[in-house]
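A quick write-up on the structure given underneath.
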Amino acid sequence: MKHTLVALMQDHPGVLNRVASLFRRRGFNIESLTVGHTETSGVSRMTIVVDGSQTSVEQVIKQLYRLIEVLKVSDVTADPNVARELVLLKVHAPPSRRAELNSLADVFGAKIVDVAHDSLIFELSAGADKVESFIELVRPFGIREMVRTGRVAMVRGGGAHGAEAYVRAA
Amino acid sequence: MSETRTGAQIMCEALIREGVEIMFGYPGGAIMPFYHALPEYPELKHVLVRHEQAAGHAAEGYARASGKVGVCVATSGPGATNLVTALADAMMDSVPIVAITGQVAAQFIGKDAFQETDVTGITQPITKHNYLVTEIDDLAAVFKEAFHIARTGRPGPVLIDVAKNAQQARTTPRWPESVSLPGYRPTYEGNRRQVREAIKLIGAAQKPLILAGRGVQLSGAFAELRELAERTGMPVITTLLGIGCFPEDHPLALGMPGMHGWVHNNRAIQECDLILNIGSRFDDRVTGKTSSFAPHAKIIHIDIDPSEIGKNIRADVPIVGDAQLVLRTMLEELPPRECTAWVRHIHAIRDEHLHRQQYHRPDTQMFMPHDVFATFTEIVNQRGAYRVCTDVGQHQMWAAQLIDWLHPHTQITSGGLGTMGFALPAAIGAQMAQPGETVWVIAGDGGFQMNMQELATVVQEGLPVKIAIINNGYLGMVRQWQELFHDRRYSATPMWSPDFIKVAEAYGIPGVRVTHQSQVADAINAAYDTPGPLLIEFQVEREVNVYPMVAPGASIGEMITESPMVEV
């Protein structure tokens, strides 16, 4: 089973390297890792997806806490959450097939962000399953280039993983 | 009045503020500004080693013997990379040290400058935390944080890599009053509900055991451990790094478990229905094959590092906290009980195996290493306070098994990393930490040659370190494995050695050679009666094995208890 972890950390130089190297040397199986700033300056947020069948998620969390810069790690898998990833797809699209691609994109809520004479770039931000199905449906048209981000996740409703509290507590 | 300081001066003053009195190091280009400032601070003593690895081990020896933070210093590039082994060693054994390394000036970083190495990158997995300081204004806070991290929670090594420009710049230092580390909050007090769960399990167990590890030493929970054992009657097994935390002449003391542990201990672990693990990380040398370790036991695991709990062995009752504080909480409510039948049962196994385990064979002419340790433990325990720094290999296991360890921190050894060459430099640090005590080095012929250049440091500092080399002409432990598991193919283990007595003399140290067991006591007594350092070479029987033994990867229930080669 895949677990989604949300980790808050001080955004010191090298902190991403510390996390990545921790996963490597402990032999943890990592599916995806995304990192970016939070609403609080000085705090970064990572969304980490690990395969719980291959990796003890509890050990992953404990090991992450050993890093001095790590402020908070939560396993949000069981919490109702919004999880998204972003894909950019450059698809072979001669004028004859554009209408077809366009209607497909409409169904998925994908945006066309670039038009060239025989290709289109689609942008889709959605849950992993939806991203996956869109890619599969478009694949027969000919995918020339694809880039995906890892998962980012946020728990729904009032439960917050805001960074402010951890900085203020310091 | 504000007065400007160079970064190097700030480094020195930061060390003084942290209570540092001594450091071990080796100068070089990128750390020269620091060395330039050092003579202005006579309260900081600097010991010049002959190799940076020894600086690291000496800092470890100092920390292990004093309980304070050890400090070592090296320059950039090769100086810093030479520290790597000692940092890894300190990480594995939770030794609080701060390593200071010079780095090339900030504008050269990333340019493959002369003696540039990404030392923070290299040491990231083998330090508790590390820093690269390129701005002088960060120095004061970084030093304060580094010492705080090294000595609190689960102690460990912290490295501070200081760019040369930061050492040379000038500023008015602002000393931080407190440390701000929002992500670093060690848990000291054990959870009361879990402690009550533990008390319940202790009360219900028929065959309970205490497994005491380095965490007991680090938290100083000696009195608490003793009270716990005496109140419950639970027998105490001590791991290699837990040796000394429970006196071995106590009726409840059982000694060491695991790969070279006693048969009765491993048998007890396999039979017991409860293990109360206090500050041991269930190392594979203790557990053997984890799937068959203590199959009937409930596990209570006390550790200050939450990541140790459940890492190797699942815990039924996890208690995160400092061993001393957790035990105090436990003792508040722990009712007395007895385990007389269980202890008698373990003692019966011990008695059955004891003579074979110790090779007590007075009729033989062979000069056995065991004879050295038997005499050694007798004499040193009469001669007053002592420390024994052991190296790594067969002699280390014999020392752990055969010396009667009565006091905490008397054994200083490289447990987790198993670093050959550790003992001599560690003894330098230990002797400086405890000038009133007799510090012994016990090393093999192999390990001793890995850092024997430090004899020069011993002499330069006038240290009365006593050195015992157990010379069997082999890399003994590797040879033992070759004998038992690799068809006796002694590949690269027979070892020629120089005349150790002449080596000692070349450094100005007197030496004694012992080739018969009748000479052992005289030599050890001579070490005590000779002021200053002395080196004894014990030329022992060449092919003797350490028993009992659990084969690597096997269950601790399957022990090899005797050698066909030396059977009487």
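Labels used: A, B, ... for chains in the order of the structure tokens, numbers from 1 for residues in each chain, and numbers from 1 for ligands as shown.
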Checklist entry - Could you pull out all residues of region 315-386 of chain B with a DSSP call of alpha helix (DSSP H) and give them as a ChimeraX atom specification? => result /B:323-333,340-358,369-382
Near chain B, 6 Å: chain A residue rows, closest pairs, only C-alpha atoms, as a tab-separated table:
```
residue	atom	partner	partner_atom	distance
A:Lys62	CA	B:Ser307	CA	4.7
A:Gln63	CA	B:Ser307	CA	5.7
A:Ile68	CA	B:Tyr184	CA	5.4
A:Glu69	CA	B:Gly183	CA	5.3
A:Val70	CA	B:Gly183	CA	5.1
A:Leu71	CA	B:Gly183	CA	4.1
A:Ala170	CA	B:Pro182	CA	4.6
```
Checklist entry - Which residue out of B:Arg337, B:His516, B:Arg285, B:Arg542 has the minimum interatomic distance to Val372 (chain B) when only C-alpha atoms are used? => result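 Using only C-alpha atoms, Val372 (chain B) sits closest to B:His516.
Residue nearest Leu240 (chain B), chosen from B:Ala427, B:Ala140, B:Ala443, B:Val392 and counting only C-alpha atoms: B:Val392.
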Checklist entry - So which residues of region 7-223 of chain B fall under strand (DSSP E) by DSSP, listed as a ChimeraX atom specification? => result /B:22-25,45-48,70-74,97-103,129-133,157-163,170-171,208-212
Item to check | Neighbour list for His161 (chain A) as a list in words, cut-off 12 Å, only C-alpha atoms, skip fewer than 4 positions in-chain | outcome: Leu5, Val6, Ala7, Leu8, Met9, Thr38, Glu39, Thr40, Val43, Ser44, Arg45, Met46, Thr47, Leu71, Lys72, Val73, Ser74, Asp75, Val76, Asn81, Ala153, Met154, Val155, Arg156, Gly157, Ala165 and Tyr166 of chain A
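Here CA of Gly27 (chain A) and CA of Gly215 (chain B) stand 25.9 Å from one another.
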Next on the checklist: List the spatial neighbours of region 244-249 of chain B as a PyMOL selection string - criterion: any atom at most 7 Å away, only C-alpha atoms, same-chain residues fewer than 6 positions off excluded.
Outcome noted: chain B and resi 216-217+222+226+255+404-410
For C-alpha atoms, I'd like the residues from the last selection saved as a PDB file, in the first residue's frame.
```pdb
ATOM      1  CA  VAL B 216      22.599   2.867  30.492  1.00  0.00           C
ATOM      2  CA  GLN B 217      26.188   4.133  30.399  1.00  0.00           C
ATOM      3  CA  PHE B 222      23.792   2.595  37.176  1.00  0.00           C
ATOM      4  CA  ARG B 226      20.942  -2.032  40.144  1.00  0.00           C
ATOM      5  CA  GLY B 255      27.830 -11.005  31.238  1.00  0.00           C
ATOM      6  CA  ASP B 404      35.813  -8.843  35.525  1.00  0.00           C
ATOM      7  CA  TRP B 405      34.262  -5.517  34.627  1.00  0.00           C
ATOM      8  CA  LEU B 406      33.190  -3.907  37.853  1.00  0.00           C
ATOM      9  CA  HIS B 407      32.798  -0.230  37.041  1.00  0.00           C
ATOM     10  CA  PRO B 408      31.033   1.875  34.418  1.00  0.00           C
ATOM     11  CA  HIS B 409      33.108   3.216  31.527  1.00  0.00           C
ATOM     12  CA  THR B 410      36.165   1.119  32.394  1.00  0.00           C
TER      13      THR B 410
END
```
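Using only C-alpha atoms, the contacts of region 79-81 of chain B at a cut-off of 7 Å, with sequence neighbours closer than 6 positions omitted, comprise Glu52, Thr101 and Val119 of chain B.
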Requested write-out: N, CA and C atoms of the selected residues, as an mmCIF file, in the first residue's frame:
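For reference, result18.cif as written:
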```cif
data_model
loop_
_atom_site.group_PDB
_atom_site.id
_atom_site.type_symbol
_atom_site.label_atom_id
_atom_site.label_comp_id
_atom_site.auth_asym_id
_atom_site.auth_seq_id
_atom_site.Cartn_x
_atom_site.Cartn_y
_atom_site.Cartn_z
ATOM 1 N N GLU B 52 45.167 12.261 11.419
ATOM 2 C CA GLU B 52 43.879 12.818 11.837
ATOM 3 C C GLU B 52 42.906 11.753 12.335
ATOM 4 N N THR B 101 36.712 21.246 10.988
ATOM 5 C CA THR B 101 37.595 21.119 9.832
ATOM 6 C C THR B 101 37.674 22.449 9.114
ATOM 7 N N VAL B 119 33.224 17.976 2.378
ATOM 8 C CA VAL B 119 33.286 17.224 3.626
ATOM 9 C C VAL B 119 31.906 17.098 4.279
#
```
Checklist entry - Which residues come within 10 Å of region 458-465 of chain B, counting only C-alpha atoms, excluding same-chain residues fewer than 5 positions away, as an NGL selection string? => result :B and (47-49 or 424-425 or 427-432 or 435-441 or 453 or 507-509 or 527-528 or 530-535)
Got time to write the residues from that selection, C-alpha atoms, as a PDB file, in the first residue's frame?
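File written: part-v4.pdb
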```pdb
ATOM      1  CA  VAL B  47      47.388  17.715  21.363  1.00  0.00           C
ATOM      2  CA  LEU B  48      49.214  17.158  18.111  1.00  0.00           C
ATOM      3  CA  VAL B  49      48.517  13.646  16.836  1.00  0.00           C
ATOM      4  CA  LEU B 424      45.953   3.444  21.062  1.00  0.00           C
ATOM      5  CA  PRO B 425      44.558   6.845  20.036  1.00  0.00           C
ATOM      6  CA  ALA B 427      43.770   5.623  25.144  1.00  0.00           C
ATOM      7  CA  ILE B 428      45.532   8.930  24.517  1.00  0.00           C
ATOM      8  CA  GLY B 429      42.195  10.700  24.874  1.00  0.00           C
ATOM      9  CA  ALA B 430      41.132   8.619  27.860  1.00  0.00           C
ATOM     10  CA  GLN B 431      44.430   9.213  29.655  1.00  0.00           C
ATOM     11  CA  MET B 432      44.120  12.959  29.173  1.00  0.00           C
ATOM     12  CA  PRO B 435      45.190  11.578  34.376  1.00  0.00           C
ATOM     13  CA  GLY B 436      44.944   9.875  37.764  1.00  0.00           C
ATOM     14  CA  GLU B 437      44.011   6.492  36.364  1.00  0.00           C
ATOM     15  CA  THR B 438      45.982   3.753  34.709  1.00  0.00           C
ATOM     16  CA  VAL B 439      44.923   3.594  31.088  1.00  0.00           C
ATOM     17  CA  TRP B 440      45.597   0.337  29.300  1.00  0.00           C
ATOM     18  CA  VAL B 441      45.687  -0.368  25.606  1.00  0.00           C
ATOM     19  CA  GLN B 453      52.545   6.058  14.861  1.00  0.00           C
ATOM     20  CA  TYR B 507      59.938   5.991  20.414  1.00  0.00           C
ATOM     21  CA  GLY B 508      61.669   6.029  23.797  1.00  0.00           C
ATOM     22  CA  ILE B 509      59.210   3.633  25.437  1.00  0.00           C
ATOM     23  CA  ALA B 527      53.803  -1.751  33.890  1.00  0.00           C
ATOM     24  CA  TYR B 528      52.439  -0.404  37.161  1.00  0.00           C
ATOM     25  CA  THR B 530      57.331   1.825  35.694  1.00  0.00           C
ATOM     26  CA  PRO B 531      56.528   5.504  35.582  1.00  0.00           C
ATOM     27  CA  GLY B 532      55.454   6.586  32.129  1.00  0.00           C
ATOM     28  CA  PRO B 533      54.422   4.383  29.255  1.00  0.00           C
ATOM     29  CA  LEU B 534      55.371   0.759  28.847  1.00  0.00           C
ATOM     30  CA  LEU B 535      54.698  -1.711  26.059  1.00  0.00           C
TER      31      LEU B 535
END
```
Item to check | Exercise: Gly446 (chain B) partners within 12 Å, only C-alpha atoms, chain neighbours under 3 positions left out, as an NGL selection string | outcome: :B and (391-395 or 419-423 or 442-443 or 449-452 or 469-479 or 492-498 or 500)
Checklist entry - Interatomic distance between CA of Thr375 (chain B) and CA of Gln539 (chain B)? => result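 Going from CA of Thr375 (chain B) over to CA of Gln539 (chain B) covers 15.1 Å.
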Next on the checklist: My list of candidates is A:Leu67, A:Ala78, A:Ile135, A:Leu86. Which is closest to Ala105 (chain A) when distances are computed with only C-alpha atoms?
Outcome noted: A:Ile135
